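*Asks:* Structure incoming, see below.
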Amino acid sequence: MASVSLTVNGKKQTVNVQPDTPLLWVLRDTLGLTGTKYGCGIGACGSCTVHIDGEPTRSCATPILSCEGKSVLTIEGLEHDGHLHPVQEAWIEEDVPQCGYCQSGMIMSAVALLKQKKNPTDADINDALSANLCRCGTYNRVRKAIHLAAKKGGAL
Amino acid sequence: MTISVNRRDFMKIAGGAGAGLVLAFYLPSKAREFLSKPTDEGFAPNVWLSIDLGGRVTITVAKSEMGQGPRTYFPMIVAEELEADWKLIRTQQADADPTKYGNQHTGGSTGVRTSWDKLRKAGATAREMLISAAAARWNVDRSTCYAEQGTVIHRPTKRSLSYGDLADDASKVPVPENPPLKDPKDFKIVGTWVPQLETPDRSTGKAMFGNDIKVPGMLYASLARCPVFGGNVAHYDATKAKAVPGVRNVVQIDNGIAVLADSTWAAMQGRQALDITWDKGPNAALSSDTIRKMFEEYASKDGVVAETEGDVEKAFANGSKTVDAVYELPYVSHSPMEPMDCLADVRADRCEIWVPSQSPQGAQDIASRITGLSMANVTVHVTLLGGGFGRRLDNDYVEEAVKISQAAGAPVQLLWTREDDMMHDMYRPASRHIVRGAVDNSGNLVGWSYKMVGPSISGQRNPENHRDGMDRSALSAAVDLPYSVPNLLVRYVMANTAVPIGAWRSVYASQNVFVVESFIDELAHKAGKDPVEFRLRMMDKSPRLKKLVEVVAEKSGWKKQLPKGVGRGIACSSCFGSHVAEVAEVSVEDGVINVHRVVVAVDCGIGVAPNTLEAQVEGAVVLALTAALKGEITFENGQTKQSNFDAYPLMTIGEMPNVEVHIVNSYEPLGGIGEPALPPAAPAVFNAVFSATGKRVRRLPVTRLA
């Protein structure tokens with residue numbers, strides 16, 4: 001067992017788990033943050049995307065030991081002062097989700113993209129979300145919502 | 001609580017003063033059967049609607065929500081007739097209960113179709129009762145009152161009362177027998193773009209899927225199954241697995257060894273540490289090659305005739321031009337983003353299950369049979385489904401979870417890994433199609449022979465029902481073509497294998513329409529006709545679909561010149577009660593097929609919920625094109641070779657075409673929309689590929705055009 005201290009959504013946490021446990025399962029099983037999803041376990045589908053020190057990261061392929069001292073942001077941490085993140089607002093306005101399972105990962109990737117590029121092009125979006133898989137067919141609305149979020153000031 | 005039942009099909013529950021109005025309906029044809037039962041308990045309403053004193057309307061949704069929208073279209077239909085205030089609408093998901101909700105099976109694109117009449121009538125009944133209550137309160141003629149936006153208004157005086165104010169009084173009003181239904185032309189909610197009620201939760205991580213549910217004392221389980229179909233455990237040693245920190249128990253069930261642990265990761269690690277010797281069973285030599293050879297061999301069989309017209313041999317002899325072709329489609333997986341999972345808690349006297357299932361009553365039935373508990377003592381809660389596409393019509397994972405919980409004596413959350421999900425799917429079957437067509441000198445299609453060789457889903461599961469070698473469902477959309485062909489022969493050769501197969505969005509139409517519509521395109525070119533004109537000339541017997549072909553041709557600019565290297569293709573089909581025509585525009589660069597645009601015209605009677613309808617069409621196009629352009633499931637040594645998205649890639653955002661949806665309301669009886677837009681997508685794309693390159697694709701998938 002390893003004791004790992006990290007910040008999750010602004011809150012300091014110390015967890016005692018096996019050192020090779022992926023961050024995904026610490027979030028879901030230990031901390032009860034189930035908004036981050038398991039889709040493939042090999043970092044190929046993007047459902048488990050969170051930010052570690054601001055970088056979009058596949059939590060299913062990130063051992064908890066590597067998170068010592070790091071700051072993790074999950075879908076549950078996007079709300080600020082009771083307000084949804086502009087990306088979430090855009091998501092709701094465009095009514096993006098179908099089944100919804102991949103959407104937390106999509107949103108986290110979109111938030112990271114908008115931090116880097118305030119007005120991403122279609123090509124930027126294709127590139128940044130190329131490994132966020134959706135089986136239901138939300139891609140066109142995802143694209144629309146990202147453009148809308150950019151207009152709303154999505155980098156906030 | 002008192003329950004009063006009117007003569008026909010309605011029940012009103014009066015829970016005493018202050019409870020508001022609670023209505024429960026059983027509205028399809030079997031109403032009398034239930035009503036004849038003597039006790040209140042035997043009455044089986046399947047639409048529940050309540051209005052509390054705050055005016056909040058709660059609608060119980062008895063279909064499973066997997067993104068296709070019942071938690072939004074159920075309330076839309078009720079609210080339309082109820083004249084409800086949309087902001088005060090709530091839903092709750094129904095547990096499995098066949099006596100209470102009728103059939104909760106969520107498949108076959110039946111959701112709107114089977115719910116439409118009863119939901120409308122439920123809303124209209126409540127509306128009329130609320131109007132009566134208001135008229136009585138004001139002591140005025142009820143014909144001077146009308147309902148609007150969750151209130152009843154007295155027209156002459158403009159007085160109004162909210163539904164919340166009226167709910168208690170309304171619960172005492174006699175139930176109207178035949179409440180008037182609105183003229184569809186007056187619809188204000190149905191047919192409009194209504195945001196899905198689930199979207200905020202799905203955008204904030206709050207939406208609860210199967211594997212998000214936790215109960216006290218729960219253990220996480222991972223199950224090792226034999227990778228070879230039909231194989232099982234010969235012997236095993238759990239010593240190392242039990243030594244993995246966090247592992248609490250190891251149990252054997254009839255199809256594998258389950259490791260139970262304090263966390264998902266520990267369960268997975270414990271499973272890795274199991275030392276299992278497999279008995280591979282009778283299918284260890286099965287491979288895609290052996291299956292393909294079998295199909296090739298079976299293709300020479302006569303097969304069983306499903307449909308015949310005229311004299312097809314004579315037509316081929318007399319036809320001026322004939323075309324022969326063989327089409328092949330692969331096995332494909334469902335791969336919903338949420339892998340299979342189920343939480344089961346089996347106790348001595350009861351069983352409770354939380355599961356994302358398209359067939360909750362099937363889950364209830366399975367658990368009842370395994371545990372010996374009565375159906376009444378098996379509770380099945382339906383969570384949100386992280387995709388279904390037909391995979392969750394089967395409840396094999398429920399069976400496993402129940403058995404593991406029973407063996408371990410604890411609540412168990414069984415989560416399949418992606419590898420489990422991909423290697424133990426109920427795949428869409430592969431198929432081989434031998435087709436022959438003839439056109440005469442005037443360019444008319446005069447002969448059509450179609451032989452499908454492939455496994456039967458029903459035949460593999462219930463061979464005793466198919467001793468004649470026929471399964472008509474395997475020929476869906478291959479019989480009753482929308483085209484008039486004077487000489488026609490359609491046959492089926494059943495070729496069952498040990499590969500588990502099941503319903504995959506649009507089922508056999510996804511295969512047959514690819515072949516039919518590609519081959520029609522081949523024959524149009526052989527006849528020297530424009531593919532749209534060629535179809536339209538044969539479509540007088542299919543006026544709804546014919547109109548869509550015209551609409552989609554117009555909307556896509558069919559006759560407009562395209563840049564060099566870009567091709568346009570059309571396909572159409574009718575299935576699940578609806579009609580769809582699609583035009584695709586593609587270009588091919590270094591063999592890579594880029595689909596730029598898909599224009600879709602759809603007639604499902606009335607576009608009840610255009611928002612989710614459009615989403616369903618986009619989803620159908622994505623699933624179809626992923627299967628056609630991205631990958632296939634293959635087998636070697638009796639097991640599936642692909643186990644994750646690295647080997648079975650899905651279409652990505654950069655590959656997604658623009659999809660334009662044109663809804664044509666015919667006001668004919670409602671059809672489904674979850675599936676019908678899928679079948680024409682692949683043939684439209686490959687007909688466009690032919691137009692762009694002159695290359696005809698007859699075997700899927702095509703990841704790169706040769």
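Just so we're on the same page: first chain in the structure tokens is A, next is B, and so on; residues restart at 1 for each chain, and ligands are numbered from 1 in the order they show up.
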Which polymer residues have any atom within 7 Å of an atom of Ala61 of chain A, counting only C-alpha atoms, with same-chain residues fewer than 5 positions away left out, as a list in words?
*Replies:*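 Answer for this query is Pro22, Gly41, Ile42 and Gly43 of chain A.
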*Asks:* Please write the residues from the selection above to a file, keeping N, CA and C atoms, as a PDB file, in the first residue's frame.
*Replies:*
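As a result, again_8.pdb now contains:
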ATOM      1  N   PRO A  22      -4.527   2.768 -11.021  1.00  0.00           N
ATOM      2  CA  PRO A  22      -4.738   3.948 -11.864  1.00  0.00           C
ATOM      3  C   PRO A  22      -5.585   5.006 -11.139  1.00  0.00           C
ATOM      4  N   GLY A  41      -9.518   1.310 -20.501  1.00  0.00           N
ATOM      5  CA  GLY A  41      -8.404   0.903 -19.642  1.00  0.00           C
ATOM      6  C   GLY A  41      -7.036   1.011 -20.286  1.00  0.00           C
ATOM      7  N   ILE A  42      -6.994   1.439 -21.562  1.00  0.00           N
ATOM      8  CA  ILE A  42      -5.685   1.549 -22.225  1.00  0.00           C
ATOM      9  C   ILE A  42      -5.447   2.950 -22.782  1.00  0.00           C
ATOM     10  N   GLY A  43      -6.215   3.903 -22.313  1.00  0.00           N
ATOM     11  CA  GLY A  43      -6.008   5.281 -22.754  1.00  0.00           C
ATOM     12  C   GLY A  43      -6.400   5.535 -24.196  1.00  0.00           C
TER      13      GLY A  43
END
*Asks:* When DSSP works through the backbone of this structure, what residues of segment 585-704 of chain B end up as strand (DSSP E or B), shown as an mmCIF file with N, CA and C atoms, in the first residue's frame?
*Replies:*
data_model
loop_
_atom_site.group_PDB
_atom_site.id
_atom_site.type_symbol
_atom_site.label_atom_id
_atom_site.label_comp_id
_atom_site.auth_asym_id
_atom_site.auth_seq_id
_atom_site.Cartn_x
_atom_site.Cartn_y
_atom_site.Cartn_z
ATOM 1 N N GLU B 585 -21.974 12.260 -49.896
ATOM 2 C CA GLU B 585 -20.933 12.832 -50.754
ATOM 3 C C GLU B 585 -19.590 12.428 -50.190
ATOM 4 N N VAL B 586 -18.750 11.862 -51.028
ATOM 5 C CA VAL B 586 -17.452 11.381 -50.554
ATOM 6 C C VAL B 586 -16.346 11.779 -51.530
ATOM 7 N N SER B 587 -15.143 11.783 -51.006
ATOM 8 C CA SER B 587 -13.972 11.840 -51.876
ATOM 9 C C SER B 587 -13.012 10.764 -51.415
ATOM 10 N N VAL B 588 -12.120 10.374 -52.307
ATOM 11 C CA VAL B 588 -11.167 9.312 -51.970
ATOM 12 C C VAL B 588 -9.768 9.841 -52.231
ATOM 13 N N GLU B 589 -8.958 9.786 -51.211
ATOM 14 C CA GLU B 589 -7.594 10.297 -51.326
ATOM 15 C C GLU B 589 -6.632 9.207 -50.872
ATOM 16 N N VAL B 592 -8.098 6.469 -49.002
ATOM 17 C CA VAL B 592 -8.871 6.771 -47.795
ATOM 18 C C VAL B 592 -10.189 7.434 -48.191
ATOM 19 N N ILE B 593 -11.268 6.860 -47.690
ATOM 20 C CA ILE B 593 -12.590 7.373 -48.034
ATOM 21 C C ILE B 593 -12.988 8.457 -47.037
ATOM 22 N N ASN B 594 -13.189 9.659 -47.542
ATOM 23 C CA ASN B 594 -13.658 10.753 -46.685
ATOM 24 C C ASN B 594 -15.132 10.999 -46.976
ATOM 25 N N VAL B 595 -15.943 10.872 -45.974
ATOM 26 C CA VAL B 595 -17.369 11.141 -46.149
ATOM 27 C C VAL B 595 -17.611 12.573 -45.676
ATOM 28 N N HIS B 596 -17.988 13.437 -46.604
ATOM 29 C CA HIS B 596 -18.130 14.855 -46.259
ATOM 30 C C HIS B 596 -19.517 15.173 -45.729
ATOM 31 N N ARG B 597 -20.510 14.575 -46.342
ATOM 32 C CA ARG B 597 -21.869 15.042 -46.114
ATOM 33 C C ARG B 597 -22.829 13.881 -46.308
ATOM 34 N N VAL B 598 -23.790 13.783 -45.410
ATOM 35 C CA VAL B 598 -24.869 12.805 -45.583
ATOM 36 C C VAL B 598 -26.188 13.559 -45.427
ATOM 37 N N VAL B 599 -26.990 13.550 -46.471
ATOM 38 C CA VAL B 599 -28.295 14.218 -46.437
ATOM 39 C C VAL B 599 -29.356 13.137 -46.249
ATOM 40 N N VAL B 600 -30.202 13.344 -45.263
ATOM 41 C CA VAL B 600 -31.154 12.299 -44.884
ATOM 42 C C VAL B 600 -32.576 12.855 -44.952
ATOM 43 N N ALA B 601 -33.457 12.113 -45.581
ATOM 44 C CA ALA B 601 -34.885 12.457 -45.523
ATOM 45 C C ALA B 601 -35.594 11.297 -44.838
ATOM 46 N N VAL B 602 -36.408 11.620 -43.841
ATOM 47 C CA VAL B 602 -37.030 10.558 -43.055
ATOM 48 C C VAL B 602 -38.518 10.829 -42.867
ATOM 49 N N ASP B 603 -39.287 9.769 -43.022
ATOM 50 C CA ASP B 603 -40.729 9.833 -42.762
ATOM 51 C C ASP B 603 -41.060 8.744 -41.739
ATOM 52 N N ILE B 633 -14.728 -7.640 -36.588
ATOM 53 C CA ILE B 633 -14.397 -8.641 -35.583
ATOM 54 C C ILE B 633 -14.033 -9.936 -36.312
ATOM 55 N N PHE B 635 -11.963 -13.976 -35.919
ATOM 56 C CA PHE B 635 -11.759 -15.056 -34.944
ATOM 57 C C PHE B 635 -10.587 -15.940 -35.339
ATOM 58 N N GLU B 636 -9.918 -16.448 -34.319
ATOM 59 C CA GLU B 636 -8.815 -17.376 -34.513
ATOM 60 C C GLU B 636 -8.767 -18.277 -33.292
ATOM 61 N N GLN B 639 -11.537 -17.934 -30.675
ATOM 62 C CA GLN B 639 -11.771 -16.717 -29.886
ATOM 63 C C GLN B 639 -11.648 -15.458 -30.730
ATOM 64 N N THR B 640 -12.188 -14.378 -30.203
ATOM 65 C CA THR B 640 -12.157 -13.094 -30.898
ATOM 66 C C THR B 640 -10.760 -12.508 -30.845
ATOM 67 N N ASN B 658 -20.837 15.900 -42.083
ATOM 68 C CA ASN B 658 -22.011 16.719 -41.773
ATOM 69 C C ASN B 658 -23.235 15.875 -42.078
ATOM 70 N N VAL B 659 -24.201 15.920 -41.191
ATOM 71 C CA VAL B 659 -25.435 15.166 -41.424
ATOM 72 C C VAL B 659 -26.586 16.159 -41.430
ATOM 73 N N GLU B 660 -27.313 16.194 -42.542
ATOM 74 C CA GLU B 660 -28.474 17.091 -42.633
ATOM 75 C C GLU B 660 -29.733 16.226 -42.607
ATOM 76 N N VAL B 661 -30.619 16.562 -41.713
ATOM 77 C CA VAL B 661 -31.812 15.729 -41.547
ATOM 78 C C VAL B 661 -33.052 16.503 -41.984
ATOM 79 N N HIS B 662 -33.809 15.923 -42.883
ATOM 80 C CA HIS B 662 -35.064 16.533 -43.325
ATOM 81 C C HIS B 662 -36.215 15.626 -42.915
ATOM 82 N N ILE B 663 -37.053 16.132 -42.031
ATOM 83 C CA ILE B 663 -38.177 15.334 -41.538
ATOM 84 C C ILE B 663 -39.389 15.606 -42.430
ATOM 85 N N ARG B 699 -17.336 -5.912 -50.484
ATOM 86 C CA ARG B 699 -16.952 -6.603 -49.253
ATOM 87 C C ARG B 699 -16.569 -5.559 -48.201
#
*Asks:* List every residue of chain A that has an atom at most 7 Å from any atom of chain B, giving for each one its closest atom pair and the distance in Å to one decimal, counting only C-alpha atoms, sorted by chain and then by ascending residue number, as CSV.
*Replies:*
residue,atom,partner,partner_atom,distance
A:Thr21,CA,B:Trp265,CA,6.4
A:Trp25,CA,B:Trp265,CA,6.5
A:Asp29,CA,B:Ser263,CA,6.1
A:Thr34,CA,B:Asp212,CA,5.8
A:Gly35,CA,B:Gly205,CA,3.8
A:Gly39,CA,B:Met337,CA,5.6
A:Cys40,CA,B:Arg418,CA,5.1
A:Ala44,CA,B:Phe645,CA,6.4
A:Ile75,CA,B:Gly205,CA,5.9
A:Glu76,CA,B:Gly205,CA,6.2
A:Gln88,CA,B:Ser203,CA,5.9
A:Trp91,CA,B:Ser203,CA,6.6
A:Ile92,CA,B:Pro200,CA,6.1
A:Asp95,CA,B:Pro195,CA,6.1
A:Pro97,CA,B:Thr199,CA,6.3
A:Gln98,CA,B:Gly67,CA,3.9
A:Cys99,CA,B:Gly67,CA,3.8
A:Gly100,CA,B:Arg202,CA,5.2
A:Tyr101,CA,B:Gly386,CA,5.0
A:Cys102,CA,B:Met337,CA,6.7
A:Gln103,CA,B:Ser203,CA,6.6
A:Ser104,CA,B:Gly205,CA,6.0
A:Asn126,CA,B:Gly654,CA,4.7
A:Leu129,CA,B:Ile653,CA,6.9
A:Ser130,CA,B:Thr652,CA,5.9
A:Leu133,CA,B:Thr652,CA,6.1
A:Arg135,CA,B:Pro336,CA,6.3
A:Cys136,CA,B:Gly619,CA,4.8
A:Gly137,CA,B:Gly619,CA,4.0
A:Tyr139,CA,B:Ile653,CA,5.3
*Asks:* Those residues with N, CA and C atoms, as an mmCIF file, in the first residue's frame please?
*Replies:*
data_model
loop_
_atom_site.group_PDB
_atom_site.id
_atom_site.type_symbol
_atom_site.label_atom_id
_atom_site.label_comp_id
_atom_site.auth_asym_id
_atom_site.auth_seq_id
_atom_site.Cartn_x
_atom_site.Cartn_y
_atom_site.Cartn_z
ATOM 1 N N THR A 21 -2.295 1.438 -8.682
ATOM 2 C CA THR A 21 -3.710 1.697 -8.984
ATOM 3 C C THR A 21 -3.840 2.908 -9.899
ATOM 4 N N TRP A 25 -9.475 4.688 -10.812
ATOM 5 C CA TRP A 25 -10.161 3.882 -9.801
ATOM 6 C C TRP A 25 -10.076 4.516 -8.426
ATOM 7 N N ASP A 29 -13.610 4.732 -7.033
ATOM 8 C CA ASP A 29 -13.897 3.792 -5.946
ATOM 9 C C ASP A 29 -13.513 4.350 -4.574
ATOM 10 N N THR A 34 -17.714 9.614 -9.432
ATOM 11 C CA THR A 34 -18.028 8.676 -10.511
ATOM 12 C C THR A 34 -18.299 9.361 -11.854
ATOM 13 N N GLY A 35 -18.141 10.677 -11.903
ATOM 14 C CA GLY A 35 -18.347 11.368 -13.181
ATOM 15 C C GLY A 35 -17.300 10.987 -14.218
ATOM 16 N N GLY A 39 -13.738 3.365 -19.874
ATOM 17 C CA GLY A 39 -14.207 2.929 -21.181
ATOM 18 C C GLY A 39 -13.353 1.846 -21.801
ATOM 19 N N CYS A 40 -12.016 1.933 -21.605
ATOM 20 C CA CYS A 40 -11.152 0.965 -22.295
ATOM 21 C C CYS A 40 -9.984 0.485 -21.442
ATOM 22 N N ALA A 44 -7.304 4.720 -24.725
ATOM 23 C CA ALA A 44 -7.643 4.835 -26.149
ATOM 24 C C ALA A 44 -8.977 5.511 -26.419
ATOM 25 N N ILE A 75 -14.589 16.323 -13.826
ATOM 26 C CA ILE A 75 -15.849 16.933 -14.274
ATOM 27 C C ILE A 75 -16.592 17.564 -13.092
ATOM 28 N N GLU A 76 -16.488 16.928 -11.930
ATOM 29 C CA GLU A 76 -17.202 17.449 -10.753
ATOM 30 C C GLU A 76 -16.616 18.779 -10.270
ATOM 31 N N GLN A 88 -19.641 23.633 -20.196
ATOM 32 C CA GLN A 88 -20.846 22.885 -19.789
ATOM 33 C C GLN A 88 -22.109 23.619 -20.217
ATOM 34 N N TRP A 91 -22.558 23.008 -23.738
ATOM 35 C CA TRP A 91 -22.990 21.610 -23.915
ATOM 36 C C TRP A 91 -24.509 21.495 -23.732
ATOM 37 N N ILE A 92 -24.997 22.208 -22.730
ATOM 38 C CA ILE A 92 -26.435 22.154 -22.455
ATOM 39 C C ILE A 92 -27.207 22.900 -23.545
ATOM 40 N N ASP A 95 -27.371 20.880 -26.482
ATOM 41 C CA ASP A 95 -27.966 19.574 -26.137
ATOM 42 C C ASP A 95 -27.122 18.435 -26.717
ATOM 43 N N PRO A 97 -25.251 15.665 -25.382
ATOM 44 C CA PRO A 97 -25.125 14.236 -25.072
ATOM 45 C C PRO A 97 -26.229 13.376 -25.666
ATOM 46 N N GLN A 98 -25.850 12.140 -25.996
ATOM 47 C CA GLN A 98 -26.883 11.119 -26.218
ATOM 48 C C GLN A 98 -26.854 10.239 -24.974
ATOM 49 N N CYS A 99 -26.176 9.081 -25.022
ATOM 50 C CA CYS A 99 -26.195 8.273 -23.792
ATOM 51 C C CYS A 99 -25.470 8.985 -22.664
ATOM 52 N N GLY A 100 -24.434 9.766 -23.001
ATOM 53 C CA GLY A 100 -23.767 10.592 -22.006
ATOM 54 C C GLY A 100 -22.512 10.002 -21.403
ATOM 55 N N TYR A 101 -22.249 8.736 -21.654
ATOM 56 C CA TYR A 101 -21.158 8.061 -20.944
ATOM 57 C C TYR A 101 -19.789 8.654 -21.272
ATOM 58 N N CYS A 102 -19.572 9.049 -22.520
ATOM 59 C CA CYS A 102 -18.255 9.589 -22.914
ATOM 60 C C CYS A 102 -18.140 11.080 -22.655
ATOM 61 N N GLN A 103 -19.243 11.693 -22.223
ATOM 62 C CA GLN A 103 -19.298 13.157 -22.265
ATOM 63 C C GLN A 103 -18.408 13.857 -21.250
ATOM 64 N N SER A 104 -18.217 13.269 -20.081
ATOM 65 C CA SER A 104 -17.304 13.899 -19.113
ATOM 66 C C SER A 104 -15.923 14.046 -19.731
ATOM 67 N N ASN A 126 -10.562 18.644 -34.106
ATOM 68 C CA ASN A 126 -10.325 17.264 -34.552
ATOM 69 C C ASN A 126 -9.071 16.691 -33.902
ATOM 70 N N LEU A 129 -9.487 16.298 -29.883
ATOM 71 C CA LEU A 129 -10.470 15.295 -29.448
ATOM 72 C C LEU A 129 -10.387 14.007 -30.281
ATOM 73 N N SER A 130 -9.241 13.813 -30.939
ATOM 74 C CA SER A 130 -9.139 12.654 -31.837
ATOM 75 C C SER A 130 -9.218 11.332 -31.086
ATOM 76 N N LEU A 133 -13.615 9.006 -27.934
ATOM 77 C CA LEU A 133 -14.546 8.247 -28.770
ATOM 78 C C LEU A 133 -15.973 8.351 -28.254
ATOM 79 N N ARG A 135 -19.725 6.594 -29.293
ATOM 80 C CA ARG A 135 -20.352 5.574 -30.132
ATOM 81 C C ARG A 135 -21.739 6.015 -30.588
ATOM 82 N N CYS A 136 -22.302 7.025 -29.900
ATOM 83 C CA CYS A 136 -23.683 7.433 -30.185
ATOM 84 C C CYS A 136 -23.800 8.419 -31.335
ATOM 85 N N GLY A 137 -22.716 9.127 -31.644
ATOM 86 C CA GLY A 137 -22.802 10.077 -32.740
ATOM 87 C C GLY A 137 -23.015 11.519 -32.318
ATOM 88 N N TYR A 139 -20.622 13.748 -32.229
ATOM 89 C CA TYR A 139 -19.471 14.542 -32.663
ATOM 90 C C TYR A 139 -19.835 15.921 -33.227
#
*Asks:* Calculated over only C-alpha atoms, which of the candidates A:Ser5, A:Arg141, A:Pro19, A:Pro120 has the smallest distance to Met106 of chain A?
*Replies:*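 The closest residue to Met106 of chain A is A:Arg141.
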*Asks:* Could you pull the residues within 10 Å of Arg71 of chain B, counting only C-alpha atoms, minus those fewer than 6 positions along the same chain, as a PyMOL selection string?
*Replies:* chain B and resi 59-65+90-93+196-198
*Asks:* Looking at only C-alpha atoms, which of A:Leu23, A:Gly46, A:His51, A:Cys67 is the one that sits closest to Val4 of chain A?
*Replies:*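 Checking each of A:Leu23, A:Gly46, A:His51, A:Cys67 against Val4 of chain A, counting only C-alpha atoms, the winner is A:Cys67.
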*Asks:* Taking only C-alpha atoms into account, which of B:Phe686, B:Trp116, B:Tyr236, B:Trp48 comes nearest Gly672 of chain B?
*Replies:*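 Of B:Phe686, B:Trp116, B:Tyr236, B:Trp48, the one nearest Gly672 of chain B, counting only C-alpha atoms, is B:Trp116.
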*Asks:* Between B:Leu705, B:Asp237, B:Glu148, B:Val380, which one has atoms that come closest to Ser359 of chain B, using only C-alpha atoms?
*Replies:*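 Checking each of B:Leu705, B:Asp237, B:Glu148, B:Val380 against Ser359 of chain B, counting only C-alpha atoms, the winner is B:Val380.
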*Asks:* Could you pull out the residues in chain A that DSSP calls helix (DSSP H, G or I) from the backbone, as a ChimeraX atom specification?
*Replies:* /A:23-30,59-61,64-67,75-77,86-93,103-116,122-128,139-152
*Asks:* Residues near Ser109 of chain A, anyone? I mean within 12 Å using only C-alpha atoms, not counting same-chain ones fewer than 3 positions away, as a PyMOL selection string.
*Replies:* chain A and resi 45-52+54-58+73-75+87-88+102-106+112-116+124-133+142-143+146
*Asks:* For atom CA of Ile64 of chain A and atom CA of Met1 of chain A, determine how far apart the two atoms are, in Å to one decimal place.
*Replies:*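 We find that atom CA of Ile64 of chain A and atom CA of Met1 of chain A lie 11.2 Å from each other.
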*Asks:* Calculate how many Å separate atom CA of Ala628 of chain B from atom CA of Pro701 of chain B, rounding to one decimal.
*Replies:*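 Between these atoms lies a distance of 4.6 Å.
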*Asks:* Leaving out Val233 of chain B and any residue of its chain fewer than 4 positions from it, which residues lie within 10 Å of it when counting only C-alpha atoms, given as a PyMOL selection string?
*Replies:* chain B and resi 224-226+252-257+276-281
*Asks:* Check the smallest atom-to-atom distance from each of A:Glu94, A:Glu89, A:Asp122, A:Asp53 to Lys70 of chain A using only C-alpha atoms, then report the winner.
*Replies:* A:Asp53
